[in-house]
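Containing mmCIF, C-alpha atoms: structure.cif.
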```cif
data_coords
#
loop_
_atom_site.label_atom_id
_atom_site.label_comp_id
_atom_site.auth_asym_id
_atom_site.auth_seq_id
_atom_site.Cartn_x
_atom_site.Cartn_y
_atom_site.Cartn_z
CA MET A 1 0.00 0.00 0.00
CA LYS A 2 1.33 3.43 -0.93
CA ASN A 3 2.15 5.83 1.87
CA PRO A 4 1.89 9.50 0.90
CA GLN A 5 3.24 10.50 4.31
CA ALA A 6 6.45 8.48 4.01
CA ILE A 7 8.68 11.36 2.98
CA PRO A 8 8.22 13.64 6.02
CA LEU A 9 9.18 10.70 8.24
CA VAL A 10 12.82 10.99 7.13
CA ASP A 11 13.02 14.08 9.33
CA ASP A 12 13.19 11.77 12.36
CA VAL A 13 16.83 11.16 11.41
CA ASP A 14 19.46 13.79 12.22
CA THR A 15 19.92 16.00 9.14
CA LEU A 16 23.70 16.01 9.08
CA THR A 17 23.92 12.25 9.73
CA ARG A 18 21.51 11.55 6.86
CA LEU A 19 23.42 13.95 4.61
CA LYS A 20 26.83 12.42 5.36
CA LYS A 21 25.54 8.91 4.75
CA ALA A 22 23.93 9.87 1.41
CA PHE A 23 26.94 11.96 0.32
CA VAL A 24 29.53 9.25 1.01
CA ALA A 25 27.32 6.57 -0.56
CA GLY A 26 26.94 8.89 -3.56
CA ILE A 27 30.71 9.14 -3.96
CA TRP A 28 31.09 5.34 -3.98
CA ALA A 29 28.19 4.94 -6.40
CA THR A 30 29.70 7.57 -8.69
CA LEU A 31 33.10 5.87 -8.54
CA ALA A 32 31.45 2.63 -9.61
CA SER A 33 29.62 4.43 -12.42
CA ILE A 34 32.77 6.17 -13.63
CA SER A 35 34.75 2.91 -13.56
CA ILE A 36 32.12 0.99 -15.53
CA GLY A 37 31.65 3.80 -18.05
CA PHE A 38 35.36 4.42 -18.54
CA LEU A 39 36.23 0.74 -19.02
CA PHE A 40 33.33 0.38 -21.46
CA LYS A 41 34.60 3.33 -23.52
CA VAL A 42 38.14 1.96 -23.53
CA TRP A 43 36.85 -1.44 -24.68
CA LEU A 44 34.74 0.10 -27.45
CA ALA A 45 37.67 2.19 -28.65
CA GLN A 46 39.67 -1.00 -29.26
CA TRP A 47 37.41 -2.36 -32.01
CA VAL A 48 34.46 -0.08 -32.90
CA ALA A 49 35.10 2.21 -35.87
CA LYS A 50 36.24 5.67 -34.78
CA ASP A 51 33.68 7.31 -37.10
CA ASP A 52 30.83 5.32 -35.51
CA LEU A 53 31.89 6.33 -32.00
CA ALA A 54 32.21 9.97 -33.03
CA LEU A 55 28.75 9.89 -34.64
CA PHE A 56 27.16 8.21 -31.61
CA ASN A 57 28.72 10.61 -29.09
CA SER A 58 27.78 13.63 -31.20
CA VAL A 59 24.12 12.60 -31.40
CA ILE A 60 23.91 11.80 -27.67
CA ASP A 61 25.55 15.15 -26.84
CA ILE A 62 23.05 17.06 -28.99
CA VAL A 63 20.02 15.27 -27.50
CA SER A 64 21.43 15.63 -23.98
CA LEU A 65 21.96 19.36 -24.44
CA SER A 66 18.38 19.80 -25.69
CA LEU A 67 16.98 17.99 -22.64
CA ILE A 68 19.50 19.22 -20.04
CA LEU A 69 17.37 22.30 -19.42
CA MET A 70 14.76 20.04 -17.80
CA THR A 71 17.31 19.08 -15.15
CA GLY A 72 17.21 22.75 -14.16
CA PHE A 73 13.72 22.08 -12.83
CA ARG A 74 15.22 19.78 -10.22
CA SER A 75 16.46 22.43 -7.83
CA SER A 76 13.26 24.50 -8.09
CA MET A 77 11.17 21.35 -7.50
CA VAL A 78 13.24 20.51 -4.41
CA VAL A 79 12.98 24.01 -2.94
CA THR A 80 9.30 24.57 -3.78
CA TYR A 81 8.27 21.16 -2.42
CA SER A 82 10.17 21.76 0.82
CA GLN A 83 8.29 25.06 1.22
CA THR A 84 4.77 24.04 0.11
CA HIS A 85 4.55 20.20 -0.07
CA ASN A 86 2.24 20.79 -3.04
CA ASP A 87 3.68 17.95 -5.09
CA HIS A 88 0.48 17.61 -7.17
CA ASP A 89 0.86 20.96 -8.94
CA ILE A 90 4.67 20.90 -8.93
CA ILE A 91 4.75 17.55 -10.74
CA ASN A 92 2.04 18.43 -13.24
CA ILE A 93 3.74 21.68 -14.23
CA PHE A 94 6.95 19.72 -14.74
CA ARG A 95 5.08 17.07 -16.76
CA PHE A 96 3.64 19.64 -19.16
CA SER A 97 7.03 21.35 -19.51
CA LEU A 98 8.87 18.09 -20.15
CA ILE A 99 6.31 16.96 -22.75
CA VAL A 100 6.76 20.27 -24.60
CA MET A 101 10.57 19.95 -24.51
CA VAL A 102 10.49 16.33 -25.71
CA LEU A 103 8.19 17.30 -28.60
CA ILE A 104 10.48 20.21 -29.49
CA THR A 105 13.47 17.87 -29.45
CA TRP A 106 11.57 15.38 -31.59
CA GLY A 107 10.27 17.98 -34.03
CA LEU A 108 13.32 20.24 -34.34
CA VAL A 109 16.49 18.61 -33.03
CA LEU A 110 15.91 15.21 -34.65
CA PRO A 111 15.43 16.65 -38.19
CA TYR A 112 18.46 18.89 -37.58
CA ILE A 113 20.59 15.85 -36.73
CA LYS A 114 19.42 13.85 -39.75
CA HIS A 115 19.13 16.51 -42.46
CA GLU A 116 21.39 19.42 -41.49
CA LEU A 117 24.25 17.48 -39.94
CA HIS A 118 23.68 14.55 -42.32
CA ILE A 119 24.12 12.02 -39.53
CA ASN A 120 22.67 8.72 -40.72
CA VAL A 121 20.93 7.37 -37.64
CA GLY A 122 17.79 5.22 -37.65
CA TYR A 123 14.59 7.16 -36.92
CA PHE A 124 13.34 4.59 -34.39
CA GLU A 125 16.62 4.65 -32.48
CA MET A 126 16.58 8.44 -32.31
CA VAL A 127 12.97 8.66 -31.10
CA GLY A 128 13.64 5.90 -28.58
CA VAL A 129 16.68 7.72 -27.19
CA ILE A 130 14.73 10.98 -26.87
CA PHE A 131 11.79 9.38 -25.04
CA GLY A 132 14.02 7.16 -22.91
CA MET A 133 16.18 10.07 -21.76
CA GLY A 134 13.07 12.20 -21.20
CA LEU A 135 11.52 9.56 -18.90
CA LYS A 136 14.80 9.20 -17.03
CA ILE A 137 14.96 12.95 -16.38
CA TYR A 138 11.31 12.94 -15.23
CA PHE A 139 11.80 10.26 -12.57
CA THR A 140 15.24 11.54 -11.57
CA ASN A 141 13.70 14.91 -10.71
CA LEU A 142 10.92 13.24 -8.71
CA ILE A 143 13.42 11.13 -6.77
CA ALA A 144 15.36 14.30 -5.96
CA MET A 145 12.24 16.21 -4.90
CA TYR A 146 11.17 13.47 -2.50
CA ARG A 147 14.72 13.10 -1.15
CA LEU A 148 14.97 9.38 -1.95
CA TYR A 149 18.74 9.39 -1.71
CA GLU A 150 19.23 5.62 -1.62
CA VAL A 151 17.32 5.24 -4.89
CA SER A 152 19.34 8.06 -6.46
CA ASN A 153 22.62 6.39 -5.53
CA LYS A 154 21.52 3.01 -6.89
CA VAL A 155 20.52 4.59 -10.20
CA THR A 156 24.03 6.08 -10.48
CA TRP A 157 25.60 2.63 -11.02
CA ILE A 158 22.57 0.74 -12.38
CA GLU A 159 22.41 2.92 -15.51
CA PRO A 160 25.96 2.27 -16.82
CA THR A 161 25.68 -1.40 -15.87
CA SER A 162 22.42 -1.86 -17.79
CA ASN A 163 23.94 0.11 -20.68
CA VAL A 164 26.83 -2.35 -20.98
CA ILE A 165 24.62 -5.43 -20.61
CA THR A 166 22.14 -4.17 -23.21
CA PHE A 167 24.93 -3.40 -25.69
CA VAL A 168 26.39 -6.89 -25.29
CA CYS A 169 22.96 -8.47 -25.82
CA CYS A 170 22.18 -6.35 -28.89
CA TYR A 171 25.54 -6.94 -30.54
CA TYR A 172 26.33 -10.55 -29.66
CA ILE A 173 22.86 -12.09 -29.31
CA PHE A 174 20.67 -10.10 -31.70
CA HIS A 175 23.56 -9.32 -34.09
CA PHE A 176 22.81 -5.62 -34.52
CA THR A 177 25.59 -3.40 -35.82
CA ALA A 178 27.85 -1.79 -33.23
CA LEU A 179 26.32 1.64 -33.92
CA ALA A 180 22.72 0.41 -33.63
CA SER A 181 23.65 -1.50 -30.46
CA LEU A 182 25.02 1.70 -28.91
CA PHE A 183 21.79 3.59 -29.53
CA TYR A 184 19.60 0.71 -28.34
CA SER A 185 21.71 0.38 -25.19
CA VAL A 186 21.17 4.05 -24.30
CA MET A 187 17.44 3.78 -25.00
CA VAL A 188 16.92 0.57 -23.03
CA SER A 189 19.16 1.54 -20.08
CA SER A 190 17.27 4.85 -19.77
CA LEU A 191 13.95 2.97 -19.73
CA ILE A 192 15.29 0.46 -17.18
CA VAL A 193 16.38 3.11 -14.69
CA ALA A 194 13.15 5.07 -15.28
CA HIS A 195 11.14 1.92 -14.50
CA PHE A 196 13.29 1.23 -11.42
CA MET A 197 12.77 4.76 -10.09
CA TYR A 198 9.04 4.55 -10.82
CA TRP A 199 8.54 1.46 -8.67
CA LYS A 200 10.82 2.65 -5.87
CA ARG A 201 9.08 6.02 -5.71
CA ARG A 202 5.64 4.37 -5.92
CA LYS A 203 6.40 2.37 -2.78
CA GLU A 204 6.88 5.63 -0.89
CA VAL A 205 4.54 8.12 -2.54
CA ALA A 206 1.41 7.61 -4.61
CA THR A 207 1.49 8.69 -8.26
CA LYS A 208 -0.17 12.07 -8.69
CA PRO A 209 -3.00 12.26 -11.27
CA PHE A 210 -2.33 14.01 -14.56
CA THR A 211 -4.65 17.02 -14.22
CA THR A 212 -4.74 20.77 -14.64
CA VAL A 213 -2.83 22.88 -12.14
CA GLN A 214 -3.77 25.77 -9.89
CA LEU A 215 -1.40 28.62 -10.67
CA ASP A 216 -1.50 30.30 -7.27
CA PRO A 217 1.33 32.70 -6.29
CA ASN A 218 3.49 29.81 -5.03
CA MET A 219 3.17 27.90 -8.30
CA ARG A 220 3.79 30.99 -10.43
CA ASN A 221 6.91 31.57 -8.40
CA TYR A 222 7.85 27.92 -8.97
CA VAL A 223 7.49 28.37 -12.74
CA ARG A 224 9.72 31.46 -12.64
CA LYS A 225 12.32 29.66 -10.54
CA SER A 226 12.23 26.65 -12.86
CA PHE A 227 12.83 28.83 -15.91
CA THR A 228 15.69 30.61 -14.17
CA ALA A 229 17.19 27.32 -12.94
CA SER A 230 17.01 25.94 -16.49
CA LEU A 231 18.95 28.95 -17.76
CA GLU A 232 21.51 28.38 -15.01
CA ALA A 233 21.88 24.74 -16.06
CA GLY A 234 22.63 25.98 -19.57
CA ALA A 235 25.07 28.56 -18.20
CA SER A 236 26.98 25.93 -16.20
CA ILE A 237 27.49 23.92 -19.40
CA LEU A 238 28.37 27.05 -21.36
CA MET A 239 31.21 27.82 -18.95
CA ILE A 240 33.19 24.69 -19.81
CA TYR A 241 32.29 24.98 -23.49
CA ALA A 242 33.59 28.56 -23.46
CA ALA A 243 36.95 27.17 -22.32
CA VAL A 244 36.84 24.60 -25.14
CA LEU A 245 35.98 27.26 -27.74
CA LEU A 246 38.81 29.51 -26.56
CA THR A 247 41.21 26.56 -26.85
CA ILE A 248 39.97 25.75 -30.36
CA THR A 249 40.27 29.39 -31.43
CA HIS A 250 43.65 30.29 -30.01
CA PHE A 251 45.67 27.08 -29.71
CA SER A 252 46.80 24.10 -31.75
CA LEU A 253 45.07 20.74 -32.17
CA ASP A 254 47.76 19.23 -29.97
CA GLU A 255 46.81 21.52 -27.07
CA LEU A 256 43.12 20.98 -27.78
CA GLY A 257 43.76 17.24 -27.55
CA ASP A 258 45.37 17.67 -24.12
CA PHE A 259 42.30 19.56 -22.95
CA GLN A 260 39.64 17.28 -24.45
CA VAL A 261 41.26 13.90 -23.82
CA VAL A 262 42.87 14.49 -20.40
CA VAL A 263 41.81 17.71 -18.69
CA ARG A 264 38.10 17.72 -19.49
CA PRO A 265 37.42 14.08 -18.46
CA ILE A 266 39.25 14.55 -15.13
CA PHE A 267 37.43 17.86 -14.65
CA THR A 268 34.15 16.01 -15.31
CA TYR A 269 34.97 13.11 -12.97
CA MET A 270 36.01 15.38 -10.09
CA THR A 271 32.83 17.40 -10.58
CA MET A 272 30.68 14.25 -10.60
CA LEU A 273 32.35 12.95 -7.44
CA PHE A 274 32.45 16.05 -5.26
CA VAL A 275 30.40 18.91 -6.76
CA PHE A 276 27.22 17.30 -8.12
CA PRO A 277 26.49 15.54 -4.78
CA ILE A 278 26.20 18.98 -3.18
CA TYR A 279 23.25 19.78 -5.44
CA ARG A 280 21.82 16.25 -5.11
CA PHE A 281 22.02 15.91 -1.33
CA VAL A 282 22.97 19.20 0.36
CA LEU A 283 20.42 21.41 -1.42
CA PRO A 284 17.36 19.33 -0.34
CA GLU A 285 18.54 19.27 3.29
CA LEU A 286 19.30 22.99 3.28
CA SER A 287 15.82 23.67 1.86
CA GLN A 288 14.20 21.66 4.65
CA SER A 289 16.32 23.34 7.32
CA VAL A 290 15.57 26.82 5.95
CA ARG A 291 11.82 26.09 5.98
CA LYS A 292 11.98 24.88 9.58
CA GLY A 293 14.38 27.62 10.71
CA GLU A 294 16.96 25.04 11.81
CA HIS A 295 19.97 27.34 11.56
CA LEU A 296 22.16 25.20 13.81
CA GLN A 297 21.72 22.35 11.34
CA ILE A 298 22.67 24.67 8.48
CA ARG A 299 25.75 25.74 10.41
CA ALA A 300 26.75 22.10 10.96
CA ILE A 301 26.24 21.29 7.26
CA ARG A 302 28.31 24.31 6.24
CA ARG A 303 31.21 23.34 8.51
CA TRP A 304 31.17 19.75 7.24
CA ILE A 305 31.15 20.81 3.57
CA TYR A 306 33.99 23.28 4.15
CA ARG A 307 36.11 20.63 5.90
CA LEU A 308 35.37 18.13 3.13
CA ALA A 309 36.25 20.70 0.44
CA ILE A 310 39.58 21.49 2.11
CA ILE A 311 40.51 17.82 2.53
CA VAL A 312 39.57 16.83 -1.03
CA SER A 313 41.22 19.88 -2.59
CA VAL A 314 44.47 19.53 -0.64
CA ILE A 315 44.74 15.84 -1.58
CA PHE A 316 44.02 16.62 -5.24
CA PHE A 317 46.62 19.42 -5.22
CA LEU A 318 49.31 17.25 -3.57
CA VAL A 319 48.67 14.37 -5.97
CA MET A 320 49.10 16.70 -8.96
CA LEU A 321 52.12 18.43 -7.39
CA ILE A 322 54.01 15.30 -6.41
CA GLY A 323 52.84 12.61 -8.82
CA GLY A 324 50.88 14.37 -11.55
CA LYS A 325 53.47 13.79 -14.28
CA ASP A 326 53.88 10.10 -13.44
CA LEU A 327 50.13 9.55 -13.10
CA ILE A 328 49.31 11.10 -16.48
CA GLY A 329 52.24 9.26 -18.06
CA PHE A 330 50.88 5.96 -16.71
CA ILE A 331 47.27 6.47 -17.85
CA PHE A 332 47.76 8.33 -21.14
CA PRO A 333 50.20 8.07 -24.08
CA ALA A 334 53.32 10.23 -24.08
CA GLN A 335 51.82 12.80 -26.46
CA TYR A 336 49.49 14.00 -23.70
CA LYS A 337 52.24 14.95 -21.23
CA GLY A 338 51.48 18.64 -21.81
CA ALA A 339 48.21 18.20 -19.91
CA GLU A 340 50.05 17.80 -16.59
CA ILE A 341 50.71 21.52 -16.07
CA VAL A 342 47.11 22.36 -17.01
CA LEU A 343 45.71 19.84 -14.52
CA PHE A 344 48.06 21.14 -11.83
CA HIS A 345 46.59 24.61 -12.17
CA PHE A 346 43.08 23.16 -12.18
CA SER A 347 43.84 21.50 -8.83
CA ILE A 348 44.65 24.91 -7.34
CA PHE A 349 41.18 26.23 -8.08
CA PHE A 350 39.12 23.09 -7.38
CA ILE A 351 38.33 24.14 -3.81
CA PHE A 352 36.41 27.13 -5.17
CA MET A 353 34.22 24.84 -7.27
CA MET A 354 33.16 22.86 -4.19
CA LEU A 355 32.67 25.86 -1.92
CA ASN A 356 30.80 27.78 -4.60
CA ALA A 357 28.48 24.81 -5.09
CA TYR A 358 27.56 24.98 -1.41
CA GLN A 359 27.07 28.76 -1.53
CA LEU A 360 24.76 28.54 -4.56
CA ALA A 361 22.82 25.71 -2.91
CA TYR A 362 22.35 27.90 0.18
CA ILE A 363 21.18 30.81 -1.98
CA LYS A 364 18.73 28.58 -3.89
CA ALA A 365 17.42 27.12 -0.63
CA HIS A 366 16.18 30.66 0.10
CA GLY A 367 14.44 30.85 -3.28
CA LYS A 368 16.93 33.32 -4.79
CA PHE A 369 17.27 31.59 -8.16
CA THR A 370 17.74 34.77 -10.21
CA LEU A 371 20.64 35.81 -7.99
CA SER A 372 22.19 32.36 -8.46
CA LEU A 373 21.87 32.73 -12.25
CA MET A 374 23.51 36.16 -12.18
CA ILE A 375 26.43 34.77 -10.18
CA ARG A 376 26.80 31.92 -12.69
CA LEU A 377 26.81 34.38 -15.61
CA SER A 378 29.44 36.49 -13.85
CA GLY A 379 31.70 33.43 -13.85
CA ILE A 380 31.40 33.12 -17.65
CA VAL A 381 32.15 36.82 -18.16
CA THR A 382 35.13 36.61 -15.80
CA LEU A 383 36.44 33.57 -17.66
CA VAL A 384 36.41 35.33 -21.04
CA VAL A 385 37.75 38.67 -19.78
CA SER A 386 40.47 36.99 -17.70
CA TYR A 387 41.68 34.93 -20.64
CA TYR A 388 42.10 37.92 -22.93
CA LEU A 389 43.92 39.83 -20.17
CA LEU A 390 46.22 36.86 -19.48
CA ALA A 391 46.81 36.46 -23.25
CA LEU A 392 48.52 39.88 -23.18
CA PHE A 393 51.28 38.37 -21.03
CA THR A 394 51.43 34.70 -22.09
CA ALA A 395 50.62 32.52 -25.06
CA ASN A 396 50.53 29.35 -22.94
CA VAL A 397 47.40 27.19 -22.90
CA VAL A 398 47.55 27.31 -19.09
CA ALA A 399 45.92 30.73 -19.44
CA ILE A 400 42.65 28.94 -20.32
CA ILE A 401 42.48 26.93 -17.10
CA VAL A 402 43.66 29.87 -15.00
CA ALA A 403 40.92 32.04 -16.53
CA LEU A 404 38.42 29.26 -15.79
CA GLY A 405 39.69 29.21 -12.21
CA PHE A 406 39.28 32.99 -11.93
CA GLY A 407 35.68 32.50 -13.09
CA TYR A 408 35.02 30.16 -10.17
CA VAL A 409 36.83 32.49 -7.76
CA MET A 410 34.59 35.37 -8.86
CA MET A 411 31.50 33.20 -8.41
CA PHE A 412 32.69 32.21 -4.93
CA ILE A 413 33.29 35.84 -3.92
CA LEU A 414 29.86 36.95 -5.13
CA SER A 415 28.07 33.95 -3.62
CA THR A 416 29.83 34.55 -0.29
CA ILE A 417 28.65 38.18 -0.33
CA ALA A 418 25.12 36.97 -1.10
CA GLU A 419 25.28 34.46 1.76
CA GLN A 420 26.40 37.16 4.18
CA GLN A 421 23.53 39.40 3.08
CA ILE A 422 21.07 36.60 3.83
CA LEU A 423 22.64 36.08 7.27
CA ARG A 424 22.50 39.83 8.03
CA GLU A 425 18.79 39.81 7.17
CA TYR A 426 18.26 37.01 9.67
CA ARG A 427 20.15 38.96 12.34
CA ARG A 428 18.03 42.08 11.68
CA GLN A 429 15.01 39.89 12.39
CA GLY A 430 16.56 38.84 15.70
CA ILE A 431 17.24 35.27 14.55
CA ALA A 432 20.46 33.68 15.81
CA VAL A 433 22.47 32.31 12.89
CA CYS A 434 26.06 31.23 12.28
#
```

Give the structure from the file, written as structure tokens.
Amino acid sequence: MKNPQAIPLVDDVDTLTRLKKAFVAGIWATLASISIGFLFKVWLAQWVAKDDLALFNSVIDIVSLSLILMTGFRSSMVVTYSQTHNDHDIINIFRFSLIVMVLITWGLVLPYIKHELHINVGYFEMVGVIFGMGLKIYFTNLIAMYRLYEVSNKVTWIEPTSNVITFVCCYYIFHFTALASLFYSVMVSSLIVAHFMYWKRRKEVATKPFTTVQLDPNMRNYVRKSFTASLEAGASILMIYAAVLLTITHFSLDELGDFQVVVRPIFTYMTMLFVFPIYRFVLPELSQSVRKGEHLQIRAIRRWIYRLAIIVSVIFFLVMLIGGKDLIGFIFPAQYKGAEIVLFHFSIFFIFMMLNAYQLAYIKAHGKFTLSLMIRLSGIVTLVVSYYLLALFTANVVAIIVALGFGYVMMFILSTIAEQQILREYRRQGIAVC
């Protein structure tokens, strides 16, 4: 029997204890996911045609970018639900929005892929990938809203595992081509994890009926926050792509290879391990604590995140300082040795990525999504301006990663100022805060 009241019961557990458990479990689940995905890619690279892999990755990137805006709803769903518990209207607004985005992707992005980019991919495979990824995003957002952390962590490693198993079945049992097997594996693995999340969520919370919504002030505010959060999701992607575009424009293919093959994957893995969990686990707990006025809990969360950020960043820095050259030489061919100095500089700035993630989560927990977007955009502007200023003094590719670091430093400074303004407002109201 479904229990609509199951979610509030998690508050019986200490907030910080629950957060630590989910965060650490999330790191292990992400490590498993990264390991499976990386080994799968290495295996594919040994025998699948390079053109097929490039085509597959390009199509998945385009579809992912068109649907990534829907992940921006996640934070606004988490915050609005913690404030109103009106999951009926929150979910239905998200349903309508997701349906529109999937139809846009189907009607515009799919023809663009096939006819403008001349990528020869089967129509059924493309539609299946779009719908499969859309369903996965839908249930992922619901799992986040209801704070079902254990389910979220299981999905992290179930998806790549099911992807590999499905590919093997399609290629070796059903004798599809390698390219078709890749697309079917993404489609089926997305549907598998969506189905898994559906049943796990259904055990805790009843499915809300698909009906019209009541656009009261809270829901209108939710729509505005969702739109702003979607723009911020796009801005976060644009920041790393700006670094890629600057590298393409001003440096050689050799230096671009260092960035794309070595720096960007490690940047992505470190972000998945230590930055994304802040939005997945810390933001929901901060939202609950803000609603309840539990400022001592917020203080404890802040201290724990800061300690974790310092420990992780110092270890990352020392690894790159002492053994970075040997580590890169062991993992990658000799032609990528130039990436070592770039990664070393990235390790200097990584602490600001983690701390800024916490600051933005704290700001969003107070419903200040527009402010969070402005801070994110300031990072992009700082990145571009910093690069062109550094280019006056050096022609080294390190200028790109340093400029990227300055972007995160600027975001951290502005988010810290915003946090202090929120705390001063509490103090003016006579509320004791950290």

Exercise for review: Using the chain letters and residue numbers of this document, give as JSON, numbers by chain the residues selected by the PyMOL selection byres ((chain A and resi 277-293) around 8).
Suggested key: {"A": [15, 19, 22, 23, 26, 27, 75, 78, 79, 82, 83, 144, 145, 147, 149, 272, 273, 274, 275, 276, 294, 295, 297, 298, 301, 357, 358, 361, 362, 364, 365, 366]}

Point to revise | Target residues per the PyMOL selection byres ((chain A and resi 316) around 10), formatted as JSON, numbers by chain | key: {"A": [270, 310, 311, 312, 313, 314, 315, 317, 318, 319, 320, 321, 324, 343, 344, 346, 347, 348, 350, 351]}

Exercise for review: May I ask for the distance between CA of Lys21 in chain A and CA of Thr207 in chain A, given in Å to one decimal place?
Suggested key: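 The value is 27.3 Å.
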
Exercise for review: Extract, using all atoms listed in the file, all DNA, RNA and protein residues at most 8 Å from Ile130 in chain A, discarding same-chain residues fewer than 2 positions from it, and format them as a VMD selection string.
Suggested key: chain A and resid 63 102 105 to 106 126 to 128 132 to 134 187

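Among the candidates A:Leu98, A:Ala235, A:Val186, A:Leu296, the one nearest to Ile165 in chain A when counting all atoms listed in the file is A:Val186.
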
What are the closest atom pairs, with distances in Å to one decimal, for each residue of range 129-248 of chain A lying within 10 Å of range 28-52 of chain A, using all atoms listed in the file, rows by chain and rising residue number, as a tab-separated table?
```
residue	atom	partner	partner_atom	distance
A:Ser152	CA	A:Ala29	CA	9.4
A:Asn153	CA	A:Ala29	CA	5.8
A:Lys154	CA	A:Ala29	CA	7.0
A:Val155	CA	A:Ala29	CA	8.6
A:Thr156	CA	A:Ala29	CA	5.9
A:Trp157	CA	A:Ser33	CA	4.6
A:Ile158	CA	A:Ser33	CA	8.0
A:Glu159	CA	A:Ser33	CA	8.0
A:Pro160	CA	A:Gly37	CA	6.0
A:Thr161	CA	A:Ile36	CA	6.9
A:Asn163	CA	A:Gly37	CA	8.9
A:Val164	CA	A:Phe40	CA	7.1
A:Thr177	CA	A:Val48	CA	9.9
A:Ala178	CA	A:Val48	CA	6.8
A:Leu179	CA	A:Asp52	CA	6.0
A:Ala180	CA	A:Asp52	CA	9.7
A:Leu182	CA	A:Asp52	CA	9.5
```

Check your understanding: the PyMOL selection byres ((chain A and resi 238) around 12) on the file shown: which residues, as a PyMOL selection string?
Key -> chain A and resi 65+68+231-237+239-246+376-377+379-381+383-384+404

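Of the listed residues (A:Leu256, A:Ala432, A:Val59, A:Ile341), A:Ile341 comes nearest to Lys325 in chain A; the distances count only C-alpha atoms.
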
Study note, to complete from the structure: Pairwise distance, CA of Asn120 in chain A with CA of Ser64 in chain A, equals 18.2 Å

Exercise for review: Considering all atoms listed in the file, state which residue in the set A:Arg307, A:Arg264, A:His88, A:Lys114 is at the smallest distance from Val205 in chain A.
Suggested key: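 Of all the options, A:His88 lies closest to Val205 in chain A.
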